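Novice: Got a file for you: run-v4.txt, compact mmCIF, C-alpha atoms.
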```txt
# COMPACT_ATOMS: atom_id res chain seq x y z
CA MET O 140 0.00 0.00 0.00
CA SER O 141 1.26 3.47 -0.90
CA VAL O 142 -0.09 6.97 -0.37
CA VAL O 143 0.48 9.35 -3.28
CA GLU O 144 -0.07 13.06 -2.79
CA PHE O 145 -0.06 16.14 -4.98
CA PRO O 146 0.48 18.77 -2.25
CA LYS O 147 -0.09 21.91 -4.33
CA LEU O 148 -3.29 20.44 -5.79
CA GLY O 149 -4.53 19.22 -2.41
CA LEU O 150 -4.99 15.66 -3.68
CA SER O 151 -4.19 12.42 -1.88
CA PHE O 152 -4.66 8.79 -2.99
CA ASP O 153 -4.38 5.52 -1.06
CA LEU O 154 -3.11 3.03 -3.62
CA ASP O 155 -3.16 -0.75 -3.48
CA LYS O 156 -1.48 -2.58 -6.36
CA VAL O 157 -4.07 -5.37 -6.16
CA ALA O 158 -7.39 -4.64 -7.87
CA PHE O 159 -9.13 -7.88 -6.82
CA THR O 160 -8.46 -11.55 -6.13
CA ILE O 161 -9.76 -14.56 -8.06
CA GLY O 162 -9.22 -18.03 -6.63
CA GLY O 163 -6.36 -16.84 -4.51
CA LEU O 164 -4.66 -15.09 -7.45
CA ASP O 165 -4.10 -11.37 -7.04
CA ILE O 166 -5.01 -9.34 -10.14
CA ALA O 167 -2.97 -6.13 -10.24
CA TRP O 168 -4.32 -2.75 -11.27
CA TYR O 169 -1.36 -2.54 -13.63
CA ALA O 170 -2.72 -5.50 -15.62
CA VAL O 171 -6.32 -4.27 -15.42
CA LEU O 172 -5.45 -0.81 -16.77
CA ILE O 173 -3.24 -2.09 -19.58
CA SER O 174 -5.91 -4.63 -20.58
CA SER O 175 -8.59 -1.92 -20.49
CA GLY O 176 -6.49 0.33 -22.72
CA PHE O 177 -5.95 -2.51 -25.19
CA LEU O 178 -9.65 -3.39 -25.22
CA LEU O 179 -10.72 0.20 -25.91
CA ALA O 180 -8.09 0.44 -28.65
CA VAL O 181 -9.48 -2.70 -30.33
CA ILE O 182 -13.06 -1.43 -30.08
CA TYR O 183 -12.06 1.87 -31.64
CA ALA O 184 -10.19 0.10 -34.45
CA LEU O 185 -13.08 -2.24 -35.29
CA PHE O 186 -15.56 0.64 -35.45
CA ASN O 187 -13.33 2.64 -37.80
CA LEU O 188 -11.93 0.01 -40.16
CA LYS O 189 -14.12 0.93 -43.11
CA ARG O 190 -12.74 4.49 -43.13
CA PHE O 191 -9.38 2.93 -43.93
CA GLY O 192 -10.69 0.38 -46.42
CA LEU O 193 -10.01 -2.63 -44.20
CA GLU O 194 -12.10 -5.74 -43.62
CA GLU O 195 -12.92 -6.88 -40.08
CA ASN O 196 -12.30 -10.63 -40.22
CA ARG O 197 -8.77 -10.23 -41.58
CA VAL O 198 -7.88 -7.40 -39.24
CA ILE O 199 -8.91 -9.35 -36.12
CA ASP O 200 -6.13 -11.85 -36.89
CA VAL O 201 -3.66 -8.96 -37.20
CA ILE O 202 -4.82 -7.51 -33.87
CA ILE O 203 -4.36 -10.84 -32.09
CA GLY O 204 -0.89 -11.26 -33.60
CA GLY O 205 0.02 -7.68 -32.74
CA MET O 206 -1.15 -8.15 -29.15
CA ILE O 207 1.03 -11.22 -28.67
CA GLY O 208 4.00 -9.53 -30.31
CA GLY O 209 3.44 -6.38 -28.26
CA ILE O 210 3.46 -8.19 -24.91
CA ILE O 211 6.56 -10.19 -25.78
CA GLY O 212 8.33 -7.16 -27.24
CA ALA O 213 7.50 -4.93 -24.27
CA ARG O 214 8.88 -7.45 -21.82
CA LEU O 215 11.99 -8.29 -23.86
CA TYR O 216 12.87 -4.61 -24.31
CA TYR O 217 12.63 -4.01 -20.56
CA VAL O 218 14.53 -7.19 -19.61
CA ILE O 219 17.35 -6.59 -22.11
CA PHE O 220 18.06 -3.11 -20.77
CA SER O 221 17.53 -4.15 -17.13
CA TRP O 222 19.41 -7.43 -17.30
CA ASP O 223 21.08 -6.98 -13.90
CA LEU O 224 17.65 -7.34 -12.28
CA TYR O 225 17.01 -10.73 -13.87
CA LYS O 226 20.36 -12.44 -14.49
CA ASP O 227 20.26 -14.20 -11.09
CA ASN O 228 16.56 -15.09 -11.25
CA ILE O 229 15.56 -16.04 -14.78
CA MET O 230 12.02 -17.09 -13.86
CA GLU O 231 11.28 -13.54 -12.69
CA ILE O 232 11.35 -12.56 -16.36
CA PHE O 233 7.89 -14.08 -16.72
CA ASN O 234 6.41 -12.14 -13.80
CA THR O 235 4.89 -8.97 -15.24
CA ARG O 236 2.25 -8.30 -12.61
CA ASN O 237 4.41 -5.67 -10.90
CA GLY O 238 5.30 -3.83 -14.08
CA GLY O 239 8.34 -4.07 -16.31
CA LEU O 240 6.80 -3.52 -19.74
CA ALA O 241 8.50 -0.99 -22.02
CA ILE O 242 6.22 0.86 -24.44
CA TYR O 243 8.77 1.12 -27.23
CA GLY O 244 9.39 -2.62 -27.02
CA GLY O 245 5.65 -3.21 -27.19
CA ILE O 246 5.33 -1.03 -30.28
CA ILE O 247 8.26 -2.74 -32.00
CA GLY O 248 6.92 -6.22 -31.18
CA ALA O 249 3.38 -5.36 -32.27
CA VAL O 250 4.58 -3.87 -35.56
CA LEU O 251 6.86 -6.80 -36.39
CA VAL O 252 4.37 -9.58 -35.66
CA GLY O 253 1.42 -7.56 -37.00
CA SER O 254 3.27 -6.99 -40.27
CA ILE O 255 3.87 -10.72 -40.67
CA VAL O 256 0.18 -11.48 -40.10
CA CYS O 257 -0.78 -8.69 -42.53
CA LYS O 258 1.27 -10.41 -45.22
CA PHE O 259 -0.39 -13.79 -44.66
CA ARG O 260 -3.92 -12.35 -44.35
CA LYS O 261 -3.41 -9.94 -47.26
CA VAL O 262 -4.13 -6.81 -45.22
CA LYS O 263 -2.68 -3.55 -46.57
CA LEU O 264 0.15 -2.55 -44.28
CA LEU O 265 0.03 1.27 -44.26
CA PRO O 266 -3.73 1.64 -43.64
CA MET O 267 -3.39 -0.98 -40.90
CA PHE O 268 -0.56 1.00 -39.31
CA ASP O 269 -2.67 4.16 -39.40
CA VAL O 270 -5.49 2.42 -37.51
CA ALA O 271 -3.01 0.84 -35.11
CA VAL O 272 -1.28 4.07 -34.06
CA LEU O 273 -4.61 5.57 -33.05
CA GLY O 274 -5.12 2.49 -30.91
CA PHE O 275 -1.60 2.85 -29.51
CA LEU O 276 -2.43 6.35 -28.27
CA ILE O 277 -5.58 5.11 -26.53
CA GLY O 278 -3.73 2.21 -24.93
CA GLN O 279 -0.79 4.36 -23.83
CA GLY O 280 -3.05 7.09 -22.47
CA ILE O 281 -4.89 4.62 -20.24
CA GLY O 282 -2.08 2.17 -19.57
CA ARG O 283 0.19 4.84 -18.08
CA TRP O 284 -2.10 4.97 -15.05
CA GLY O 285 -0.79 1.52 -14.20
CA ASN O 286 2.49 3.31 -13.50
CA PHE O 287 0.61 5.65 -11.18
CA VAL O 288 -0.74 2.74 -9.11
CA ASN O 289 2.72 1.14 -8.98
CA VAL O 290 4.25 4.55 -8.12
CA GLU O 291 6.77 4.39 -10.95
CA ALA O 292 7.66 6.34 -14.08
CA TYR O 293 8.22 9.51 -12.05
CA GLY O 294 10.88 12.15 -12.64
CA ALA O 295 13.31 14.49 -10.96
CA GLU O 296 12.44 16.88 -8.16
CA THR O 297 10.29 19.84 -9.13
CA ASN O 298 8.45 22.89 -7.81
CA SER O 299 5.71 22.38 -10.37
CA ILE O 300 2.07 22.50 -9.31
CA PHE O 301 1.92 18.84 -10.37
CA GLY O 302 4.73 17.82 -7.98
CA MET O 303 4.07 14.38 -6.48
CA ILE O 304 5.23 12.75 -3.22
CA SER O 305 4.65 9.27 -1.86
CA SER O 306 4.84 7.32 1.40
CA GLY O 307 4.37 3.68 2.33
CA GLU O 308 5.67 0.93 0.06
CA VAL O 309 7.32 3.54 -2.19
CA SER O 310 8.72 6.61 -0.44
CA ILE O 311 9.23 9.92 -2.28
CA THR O 312 9.84 12.71 0.21
CA SER O 313 10.40 15.65 -2.17
CA PRO O 314 7.93 16.55 -4.97
CA VAL O 315 8.86 14.96 -8.28
CA HIS O 316 7.53 15.15 -11.84
CA PRO O 317 4.61 12.70 -12.41
CA CYS O 318 5.92 11.63 -15.81
CA PHE O 319 3.14 9.06 -16.22
CA LEU O 320 0.61 11.91 -16.05
CA TYR O 321 2.42 14.00 -18.66
CA GLU O 322 2.56 11.10 -21.07
CA SER O 323 -1.03 10.02 -20.49
CA ALA O 324 -2.36 13.54 -21.17
CA TRP O 325 -0.12 13.92 -24.23
CA CYS O 326 -1.28 10.60 -25.70
CA ILE O 327 -4.99 11.31 -25.15
CA LEU O 328 -4.60 14.75 -26.75
CA GLY O 329 -2.70 13.15 -29.63
CA PHE O 330 -5.47 10.61 -30.14
CA VAL O 331 -8.11 13.34 -30.35
CA LEU O 332 -6.08 15.40 -32.83
CA LEU O 333 -5.12 12.45 -35.06
CA HIS O 334 -8.67 11.10 -35.01
CA ILE O 335 -9.93 14.44 -36.31
CA TYR O 336 -7.16 14.65 -38.90
CA SER O 337 -7.69 11.04 -40.01
CA LYS O 338 -10.70 12.21 -42.03
CA HIS O 339 -8.45 14.58 -44.00
CA ARG O 340 -5.27 12.47 -44.32
CA LYS O 341 -3.48 12.82 -47.65
CA PHE O 342 -1.87 9.40 -47.98
CA ASP O 343 -1.76 6.03 -46.22
CA GLY O 344 0.91 6.00 -43.55
CA GLU O 345 0.62 9.72 -42.81
CA LEU O 346 -1.00 9.10 -39.42
CA SER O 347 1.80 6.69 -38.56
CA LEU O 348 4.40 9.34 -39.31
CA PHE O 349 2.49 11.91 -37.25
CA TYR O 350 2.32 9.41 -34.38
CA LEU O 351 6.08 8.90 -34.45
CA MET O 352 6.64 12.66 -34.44
CA TRP O 353 4.01 13.39 -31.78
CA TYR O 354 4.89 10.65 -29.34
CA GLY O 355 8.62 10.79 -30.06
CA PHE O 356 8.75 14.54 -29.32
CA GLU O 357 7.05 14.11 -25.95
CA ARG O 358 9.07 11.06 -24.98
CA ALA O 359 12.35 12.72 -25.87
CA ILE O 360 11.55 15.49 -23.36
CA VAL O 361 9.84 13.53 -20.58
CA GLU O 362 12.38 10.71 -20.68
CA GLY O 363 15.00 13.27 -19.70
CA LEU O 364 13.03 13.94 -16.50
CA ARG O 365 12.61 10.31 -15.43
CA GLN O 366 14.57 8.64 -12.66
CA ASP O 367 13.95 5.07 -13.86
CA SER O 368 15.10 5.30 -17.49
CA LEU O 369 16.59 2.28 -19.21
CA TYR O 370 20.22 2.96 -20.08
CA TRP O 371 22.65 1.72 -22.69
CA GLY O 372 25.94 2.84 -21.28
CA PRO O 373 25.58 6.56 -20.49
CA PHE O 374 22.61 7.00 -22.85
CA ARG O 375 18.90 6.87 -22.09
CA VAL O 376 17.74 4.30 -24.64
CA SER O 377 14.20 5.57 -25.14
CA GLN O 378 15.31 9.19 -25.37
CA ILE O 379 17.83 8.50 -28.13
CA LEU O 380 15.32 6.32 -29.97
CA SER O 381 12.68 9.06 -29.70
CA VAL O 382 14.93 11.72 -31.21
CA ILE O 383 15.83 9.41 -34.10
CA LEU O 384 12.18 8.56 -34.78
CA VAL O 385 11.11 12.20 -34.79
CA ILE O 386 13.83 13.20 -37.25
CA VAL O 387 13.32 10.23 -39.58
CA ALA O 388 9.51 10.53 -39.56
CA PHE O 389 9.66 14.26 -40.29
CA ILE O 390 12.08 13.78 -43.20
CA VAL O 391 9.93 11.00 -44.69
CA TRP O 392 6.76 13.09 -44.33
CA ILE O 393 8.32 16.14 -45.99
CA THR O 394 9.70 13.97 -48.80
CA ILE O 395 6.34 12.34 -49.53
CA LYS O 396 4.49 15.65 -49.39
CA SER O 397 6.98 17.13 -51.87
CA LYS O 398 6.53 14.19 -54.25
CA ILE O 399 2.75 14.52 -54.11
CA LYS O 400 3.01 18.23 -54.91
CA ARG O 401 5.44 17.65 -57.78
CA ASN O 402 3.33 14.92 -59.36
CA ASN O 403 0.15 16.99 -59.20
CA ASP O 404 -1.75 13.76 -59.87
CA PRO O 405 -4.89 12.98 -57.82
CA GLU O 406 -4.23 9.28 -58.36
CA TYR O 407 -0.68 9.45 -56.97
CA LEU O 408 -0.51 7.71 -53.57
CA LYS O 409 -4.29 7.41 -53.62
CA LEU O 410 -5.79 6.38 -50.29
CA TYR O 411 -6.42 2.64 -50.21
CA VAL O 412 -10.00 3.16 -49.03
CA ASN O 413 -10.73 4.88 -52.37
CA THR O 414 -9.34 2.07 -54.55
CA GLU O 415 -11.41 -0.52 -56.37
CA GLU O 416 -9.58 -3.32 -54.55
CA SER O 417 -10.67 -2.04 -51.15
CA LYS O 418 -14.27 -1.43 -52.29
CA GLN O 419 -14.51 -4.97 -53.68
CA ILE O 420 -13.17 -6.51 -50.48
CA ILE O 421 -15.60 -4.50 -48.34
CA GLU O 422 -18.51 -5.40 -50.65
CA MET O 423 -17.59 -9.10 -50.61
CA SER O 424 -17.38 -9.00 -46.83
CA LYS O 425 -20.77 -7.29 -46.64
CA THR O 426 -22.34 -9.84 -48.99
CA LYS O 427 -20.80 -12.72 -47.02
CA LYS O 428 -22.14 -11.33 -43.74
CA GLU O 429 -25.63 -10.85 -45.21
CA LYS O 430 -25.56 -14.45 -46.44
CA GLN O 431 -24.46 -15.68 -43.02
CA ASP O 432 -27.21 -13.66 -41.32
CA LYS O 433 -29.77 -15.08 -43.77
CA ASN O 434 -28.61 -18.66 -43.17
CA GLN O 435 -28.72 -18.06 -39.42
CA LYS O 436 -32.31 -16.81 -39.64
CA ILE O 437 -33.28 -19.86 -41.71
CA GLU O 438 -31.69 -22.13 -39.10
CA GLU O 439 -33.56 -20.33 -36.32
CA ILE O 440 -36.87 -20.70 -38.20
CA GLU O 441 -36.19 -24.40 -38.80
CA GLU O 442 -35.37 -24.86 -35.12
CA ASP O 443 -38.61 -23.11 -34.15
CA GLU O 444 -40.62 -25.33 -36.52
CA THR O 445 -38.89 -28.44 -35.17
CA GLN O 446 -39.65 -27.37 -31.60
CA LYS O 447 -43.31 -26.79 -32.50
CA ASP O 448 -43.52 -30.30 -33.97
CA VAL O 449 -41.97 -31.73 -30.80
CA ASP O 450 -44.46 -29.78 -28.67
CA LYS O 451 -47.35 -31.14 -30.79
CA VAL O 452 -46.10 -34.71 -30.34
CA ASP O 453 -45.76 -34.18 -26.58
CA LEU O 454 -49.28 -32.72 -26.45
CA SER O 455 -50.64 -35.63 -28.48
CA ASN O 456 -48.96 -38.17 -26.23
CA THR O 457 -50.36 -36.40 -23.18
CA SER O 458 -53.88 -36.52 -24.67
CA ASP O 459 -53.53 -40.26 -25.46
CA VAL O 460 -52.37 -41.03 -21.94
CA LYS O 461 -55.26 -39.06 -20.49
CA ALA O 462 -57.74 -40.91 -22.71
CA GLU O 463 -56.34 -44.28 -21.63
CA ASN O 464 -56.65 -43.29 -18.00
CA ASP O 465 -60.28 -42.29 -18.53
CA ILE O 466 -61.01 -45.69 -20.10
CA VAL O 467 -59.40 -47.51 -17.19
CA LYS O 468 -61.50 -45.53 -14.75
```
Please re-express this file's structure in structure tokens.
Specialist:
Amino acid sequence: MSVVEFPKLGLSFDLDKVAFTIGGLDIAWYAVLISSGFLLAVIYALFNLKRFGLEENRVIDVIIGGMIGGIIGARLYYVIFSWDLYKDNIMEIFNTRNGGLAIYGGIIGAVLVGSIVCKFRKVKLLPMFDVAVLGFLIGQGIGRWGNFVNVEAYGAETNSIFGMISSGEVSITSPVHPCFLYESAWCILGFVLLHIYSKHRKFDGELSLFYLMWYGFERAIVEGLRQDSLYWGPFRVSQILSVILVIVAFIVWITIKSKIKRNNDPEYLKLYVNTEESKQIIEMSKTKKEKQDKNQKIEEIEEDETQKDVDKVDLSNTSDVKAENDIVK
């Protein structure tokens, strides 16, 4: 149990890492919040697939693959750059209930495995990435509150109005930056802005580039405030990676925009959702679903008719038995 306070805001929270217990197994808030973020991200993606020209049944397989890759990647990234914590207790690598998932590792793992599934399921990669990054922002915005419950992902001392202290299991005596809060707010704002812009995007993959710039910019700054950064020698791994991603994404975006302007061709880098291929896939999926719904209704009608016949037989048998009893009497 820890008590987290924001003195200048007059806020105080009693925090227990355990959300509830099932069959003697403690379920941590960290897991609940990350799972909730993932679930909301999936719901958002499924409700917005058609705007990107994607078909639901194929994308579900990509989401499942991306989820598995994301979990493995997030853990591997953290373990690799925190090896001293695990080298003497290998089995602890598999215990994630107390944290130890790195967002960049999760993104890398989800992208790698998701891309492989996209290839096998014939899902267009760039539109899928654009949907995914919006989901990433939802998941990150909510998942960061798992760090709040665990009292981690905080920064250096500060006089800011948001300064945070803690007592109990985790003790922080001087106000520090609540880095989890900064990142959560930044990601939620980014989701709102990119969702609005998604209706006006100029080419597939543009939202992905904006995500890399938006999140990378914030992480490059906030990572410099954190006290629990993962290091590679003297360098903060995530900070260096963030700077690289921002620069590369910006250069790629400028280059593509310049090519579009030079070509002056409305068909150049046409959005996948506006192509005949996408329209045919969506139409085929719609027709298939209508056929399935029709067959299901037929099956339900046949089941109802069968049940009525059974009821008639039961009623007839009951009448026969009653008549025999009357004769006996």
Novice: Taking 4 positions as the minimum chain separation for residues in the same chain, which residues sit within 9 Å of O:Ser175 when counting all atoms listed in the file? Answer as an MDAnalysis selection string.
Specialist: chainID O and resid 170:171 179:180 278 281:282
Novice: Write the residues of the selection above to a file with C-alpha atoms, as a PDB file, in the coordinates of the input.
Specialist:
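Written output follows (again.pdb):
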```
ATOM      1  CA  ALA O 170      -2.720  -5.500 -15.620  1.00  0.00           C
ATOM      2  CA  VAL O 171      -6.320  -4.270 -15.420  1.00  0.00           C
ATOM      3  CA  LEU O 179     -10.720   0.200 -25.910  1.00  0.00           C
ATOM      4  CA  ALA O 180      -8.090   0.440 -28.650  1.00  0.00           C
ATOM      5  CA  GLY O 278      -3.730   2.210 -24.930  1.00  0.00           C
ATOM      6  CA  ILE O 281      -4.890   4.620 -20.240  1.00  0.00           C
ATOM      7  CA  GLY O 282      -2.080   2.170 -19.570  1.00  0.00           C
TER       8      GLY O 282
END
```
Novice: Which residues, written as a PyMOL selection string, have at least one atom at most 10 Å from O:Glu308, with all atoms listed in the file counted and residues fewer than 4 positions away on the same chain left out?
Specialist: chain O and resi 140-142+154-155+289-290
Novice: Could the residues in this selection be written to a file with C-alpha atoms, as a CSV table (one decimal), in the coordinates of the input?
Specialist:
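Saved the output as part30.csv:
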```csv
chain,number,residue,atom,x,y,z
O,140,MET,CA,0.0,0.0,0.0
O,141,SER,CA,1.3,3.5,-0.9
O,142,VAL,CA,-0.1,7.0,-0.4
O,154,LEU,CA,-3.1,3.0,-3.6
O,155,ASP,CA,-3.2,-0.8,-3.5
O,289,ASN,CA,2.7,1.1,-9.0
O,290,VAL,CA,4.2,4.6,-8.1
```
Novice: Can you tell me, as JSON, numbers by chain, what residues are no more than 9 Å from O:Phe301 when counting only C-alpha atoms, ignoring any on the same chain fewer than 5 positions away?
Specialist: {"O": [145, 146, 147, 148, 314, 315, 316, 317]}
Novice: How would the residues just picked look written out with C-alpha atoms as a PDB file, keeping the file's coordinate frame?
Specialist:
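Okay, this is what ended up in part-v4.pdb:
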```
ATOM      1  CA  PHE O 145      -0.060  16.140  -4.980  1.00  0.00           C
ATOM      2  CA  PRO O 146       0.480  18.770  -2.250  1.00  0.00           C
ATOM      3  CA  LYS O 147      -0.090  21.910  -4.330  1.00  0.00           C
ATOM      4  CA  LEU O 148      -3.290  20.440  -5.790  1.00  0.00           C
ATOM      5  CA  PRO O 314       7.930  16.550  -4.970  1.00  0.00           C
ATOM      6  CA  VAL O 315       8.860  14.960  -8.280  1.00  0.00           C
ATOM      7  CA  HIS O 316       7.530  15.150 -11.840  1.00  0.00           C
ATOM      8  CA  PRO O 317       4.610  12.700 -12.410  1.00  0.00           C
TER       9      PRO O 317
END
```
Novice: Mind checking which residues fall within 12 Å of O:Glu345, counting only C-alpha atoms, ignoring those fewer than 2 positions away in the same chain, and posting them as a PyMOL selection string?
Specialist: chain O and resi 265-270+272-273+333+336-343+347-352+388-389+391-396+408+410
Novice: For atom CA of O:Ala249 and atom CA of O:Phe177, determine how far apart the two atoms are, in Å to one decimal place.
Specialist: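 Atom CA of O:Phe177 lies at a distance of 12.1 Å from atom CA of O:Ala249.
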Novice: For O:Glu194, please output as number ranges by chain all residues within 9 Å (counting all atoms listed in the file; exclusion window: fewer than 4 positions along the same chain).
Specialist: O: 188-189, 198-199, 262, 417, 420-421, 424
Novice: To box stretch 322-339 of chain O, take all atoms listed in the file, fit an axis-aligned box, add 5 Å on each side, and give centre and edge lengths in Å to one decimal, as JSON.
Specialist:
```
{"center_x": -4.1, "center_y": 12.7, "center_z": -32.2, "size_x": 23.3, "size_y": 15.4, "size_z": 33.5}
```
Novice: Quick one, how far is atom CA of O:Val256 from atom CA of O:Ile379?
Specialist: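 Atom-to-atom, atom CA of O:Val256 to atom CA of O:Ile379, that is 29.2 Å.
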Novice: Mind pulling up the distance from atom CA of O:Val201 to atom CA of O:Phe275?
Specialist: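 Interatomic distance here is 14.2 Å.
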